[in-house]
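Here is the structure we will look at.
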Amino acid sequence: MVGIVAGVSYAINSGYQSWGPLFGKLFFALWVVAHLYPFLKGLLGRQNRTPTIVIVWSILLASIFSLLWVRIDPFTNDATKAASNGQCGINC
């Protein structure tokens with residue numbers, strides 16, 4: 001739900017060009033959830049609560065991917081990174 005709100009707000013702020021990719025991403029996300037629904041229902045539907053191992057693995061994987069995303073930082077190029085570090089040469 002947070003991702004949908006963030007995507008729509010980004011599309012509103014970015015203009016007309018960003019609506020197409022947003023609908024593509026939303027369609028793909030719904031497609032994945034629809035195909036994984038039987039697996040998720042079998043995994044989580046047997047007990048009254050979510051198994052502890054599922055919670056632990058979810059937190060672990062989300063933390064790893066978040067830290068990797070921050071480390072990779074794909075939206076800035078090398079010149080921007082160098083300028084933010086104070087290593088600015090003739091290209092700044």
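By order in the structure tokens, chains are A, B, ...; within a chain, residues start at 1; ligands start at 1, following the order shown.
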Fewer than 4 positions away in the same chain doesn't count, so skip those; otherwise give me all residues within 9 Å of Leu26 (chain A), counting only C-alpha atoms, as a VMD selection string.
-> chain A and resid 4 7 21 to 22 30 to 31
Using the selection just defined, write its residues with N, CA, C and O atoms as an mmCIF file, in the first residue's frame.
data_model
loop_
_atom_site.group_PDB
_atom_site.id
_atom_site.type_symbol
_atom_site.label_atom_id
_atom_site.label_comp_id
_atom_site.auth_asym_id
_atom_site.auth_seq_id
_atom_site.Cartn_x
_atom_site.Cartn_y
_atom_site.Cartn_z
ATOM 1 N N ILE A 4 2.310 1.809 -3.451
ATOM 2 C CA ILE A 4 1.325 2.359 -4.382
ATOM 3 C C ILE A 4 1.172 3.858 -4.164
ATOM 4 O O ILE A 4 1.175 4.643 -5.118
ATOM 5 N N GLY A 7 4.344 5.604 -5.385
ATOM 6 C CA GLY A 7 4.408 5.616 -6.841
ATOM 7 C C GLY A 7 3.450 6.607 -7.461
ATOM 8 O O GLY A 7 3.794 7.333 -8.403
ATOM 9 N N PRO A 21 5.129 3.981 -16.984
ATOM 10 C CA PRO A 21 5.903 3.027 -16.179
ATOM 11 C C PRO A 21 5.224 2.659 -14.862
ATOM 12 O O PRO A 21 5.353 1.519 -14.396
ATOM 13 N N LEU A 22 4.494 3.599 -14.265
ATOM 14 C CA LEU A 22 3.793 3.297 -13.011
ATOM 15 C C LEU A 22 2.750 2.213 -13.227
ATOM 16 O O LEU A 22 2.674 1.254 -12.458
ATOM 17 N N LEU A 30 0.791 -6.808 -9.239
ATOM 18 C CA LEU A 30 -0.461 -7.552 -9.051
ATOM 19 C C LEU A 30 -0.387 -8.935 -9.682
ATOM 20 O O LEU A 30 -0.934 -9.902 -9.144
ATOM 21 N N TRP A 31 0.304 -9.044 -10.813
ATOM 22 C CA TRP A 31 0.472 -10.333 -11.484
ATOM 23 C C TRP A 31 1.254 -11.298 -10.600
ATOM 24 O O TRP A 31 0.897 -12.466 -10.466
#
Excluding same-chain residues fewer than 3 positions from Val8 (chain A), what lies within 12 Å of it counting only C-alpha atoms, as a list in words?
->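 Close residues of Val8 (chain A): Met1, Val2, Gly3, Ile4, Val5, Ala11, Ile12, Asn13, Ser14, Gly15, Tyr16, Ser18, Trp19, Gly20, Pro21, Leu22, Phe23, Lys25 and Leu26 of chain A.
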Using the selection just defined, write its residues with N, CA, C and O atoms as a PDB file, in the first residue's frame.
ATOM      1  N   MET A   1       0.832  -1.194   0.000  1.00  0.00           N
ATOM      2  CA  MET A   1       0.000   0.000   0.000  1.00  0.00           C
ATOM      3  C   MET A   1       0.875   1.255   0.000  1.00  0.00           C
ATOM      4  O   MET A   1       0.565   2.212  -0.690  1.00  0.00           O
ATOM      5  N   VAL A   2       1.959   1.217   0.787  1.00  0.00           N
ATOM      6  CA  VAL A   2       2.856   2.367   0.840  1.00  0.00           C
ATOM      7  C   VAL A   2       3.522   2.573  -0.515  1.00  0.00           C
ATOM      8  O   VAL A   2       3.678   3.702  -0.982  1.00  0.00           O
ATOM      9  N   GLY A   3       3.899   1.487  -1.169  1.00  0.00           N
ATOM     10  CA  GLY A   3       4.515   1.582  -2.488  1.00  0.00           C
ATOM     11  C   GLY A   3       3.579   2.171  -3.524  1.00  0.00           C
ATOM     12  O   GLY A   3       3.996   2.951  -4.388  1.00  0.00           O
ATOM     13  N   ILE A   4       2.310   1.809  -3.451  1.00  0.00           N
ATOM     14  CA  ILE A   4       1.325   2.359  -4.382  1.00  0.00           C
ATOM     15  C   ILE A   4       1.172   3.858  -4.164  1.00  0.00           C
ATOM     16  O   ILE A   4       1.175   4.643  -5.118  1.00  0.00           O
ATOM     17  N   VAL A   5       1.057   4.269  -2.908  1.00  0.00           N
ATOM     18  CA  VAL A   5       0.917   5.699  -2.603  1.00  0.00           C
ATOM     19  C   VAL A   5       2.164   6.456  -3.038  1.00  0.00           C
ATOM     20  O   VAL A   5       2.075   7.542  -3.634  1.00  0.00           O
ATOM     21  N   ALA A  11       4.361   9.959  -9.551  1.00  0.00           N
ATOM     22  CA  ALA A  11       3.815  10.175 -10.896  1.00  0.00           C
ATOM     23  C   ALA A  11       3.107  11.519 -10.985  1.00  0.00           C
ATOM     24  O   ALA A  11       3.200  12.205 -12.002  1.00  0.00           O
ATOM     25  N   ILE A  12       2.414  11.917  -9.943  1.00  0.00           N
ATOM     26  CA  ILE A  12       1.735  13.220  -9.944  1.00  0.00           C
ATOM     27  C   ILE A  12       2.756  14.345 -10.002  1.00  0.00           C
ATOM     28  O   ILE A  12       2.593  15.317 -10.754  1.00  0.00           O
ATOM     29  N   ASN A  13       3.836  14.207  -9.237  1.00  0.00           N
ATOM     30  CA  ASN A  13       4.846  15.260  -9.203  1.00  0.00           C
ATOM     31  C   ASN A  13       5.725  15.288 -10.445  1.00  0.00           C
ATOM     32  O   ASN A  13       6.247  16.341 -10.805  1.00  0.00           O
ATOM     33  N   SER A  14       5.900  14.142 -11.119  1.00  0.00           N
ATOM     34  CA  SER A  14       6.825  14.066 -12.254  1.00  0.00           C
ATOM     35  C   SER A  14       6.182  14.402 -13.583  1.00  0.00           C
ATOM     36  O   SER A  14       6.879  14.678 -14.543  1.00  0.00           O
ATOM     37  N   GLY A  15       4.885  14.315 -13.674  1.00  0.00           N
ATOM     38  CA  GLY A  15       4.237  14.674 -14.925  1.00  0.00           C
ATOM     39  C   GLY A  15       3.730  13.473 -15.699  1.00  0.00           C
ATOM     40  O   GLY A  15       3.709  12.337 -15.226  1.00  0.00           O
ATOM     41  N   TYR A  16       3.365  13.739 -16.932  1.00  0.00           N
ATOM     42  CA  TYR A  16       2.676  12.776 -17.785  1.00  0.00           C
ATOM     43  C   TYR A  16       3.537  11.572 -18.146  1.00  0.00           C
ATOM     44  O   TYR A  16       3.029  10.462 -18.293  1.00  0.00           O
ATOM     45  N   SER A  18       5.615   9.780 -16.493  1.00  0.00           N
ATOM     46  CA  SER A  18       5.840   8.738 -15.489  1.00  0.00           C
ATOM     47  C   SER A  18       4.616   7.858 -15.234  1.00  0.00           C
ATOM     48  O   SER A  18       4.720   6.884 -14.500  1.00  0.00           O
ATOM     49  N   TRP A  19       3.472   8.156 -15.838  1.00  0.00           N
ATOM     50  CA  TRP A  19       2.281   7.335 -15.598  1.00  0.00           C
ATOM     51  C   TRP A  19       2.363   5.984 -16.282  1.00  0.00           C
ATOM     52  O   TRP A  19       1.897   4.982 -15.758  1.00  0.00           O
ATOM     53  N   GLY A  20       2.948   5.915 -17.463  1.00  0.00           N
ATOM     54  CA  GLY A  20       3.081   4.643 -18.178  1.00  0.00           C
ATOM     55  C   GLY A  20       3.901   3.624 -17.403  1.00  0.00           C
ATOM     56  O   GLY A  20       3.453   2.494 -17.181  1.00  0.00           O
ATOM     57  N   PRO A  21       5.129   3.981 -16.984  1.00  0.00           N
ATOM     58  CA  PRO A  21       5.903   3.027 -16.179  1.00  0.00           C
ATOM     59  C   PRO A  21       5.224   2.659 -14.862  1.00  0.00           C
ATOM     60  O   PRO A  21       5.353   1.519 -14.396  1.00  0.00           O
ATOM     61  N   LEU A  22       4.494   3.599 -14.265  1.00  0.00           N
ATOM     62  CA  LEU A  22       3.793   3.297 -13.011  1.00  0.00           C
ATOM     63  C   LEU A  22       2.750   2.213 -13.227  1.00  0.00           C
ATOM     64  O   LEU A  22       2.674   1.254 -12.458  1.00  0.00           O
ATOM     65  N   PHE A  23       1.952   2.320 -14.290  1.00  0.00           N
ATOM     66  CA  PHE A  23       0.933   1.305 -14.547  1.00  0.00           C
ATOM     67  C   PHE A  23       1.572  -0.037 -14.879  1.00  0.00           C
ATOM     68  O   PHE A  23       1.066  -1.088 -14.493  1.00  0.00           O
ATOM     69  N   LYS A  25       4.456  -1.165 -13.660  1.00  0.00           N
ATOM     70  CA  LYS A  25       4.942  -1.711 -12.388  1.00  0.00           C
ATOM     71  C   LYS A  25       3.792  -2.230 -11.527  1.00  0.00           C
ATOM     72  O   LYS A  25       3.898  -3.285 -10.898  1.00  0.00           O
ATOM     73  N   LEU A  26       2.682  -1.487 -11.499  1.00  0.00           N
ATOM     74  CA  LEU A  26       1.532  -1.932 -10.719  1.00  0.00           C
ATOM     75  C   LEU A  26       0.943  -3.229 -11.285  1.00  0.00           C
ATOM     76  O   LEU A  26       0.582  -4.132 -10.530  1.00  0.00           O
TER      77      LEU A  26
END
State, in Å with one decimal place, the distance from CA of Tyr10 (chain A) to CA of Phe28 (chain A).
->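 Pair CA of Tyr10 (chain A) / CA of Phe28 (chain A) returns 18.0 Å.
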Rounded to one decimal place, report the CA of Lys41 (chain A)-CA of Gly24 (chain A) distance in Å.
->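 That distance, rounded to one decimal, is 25.4 Å.
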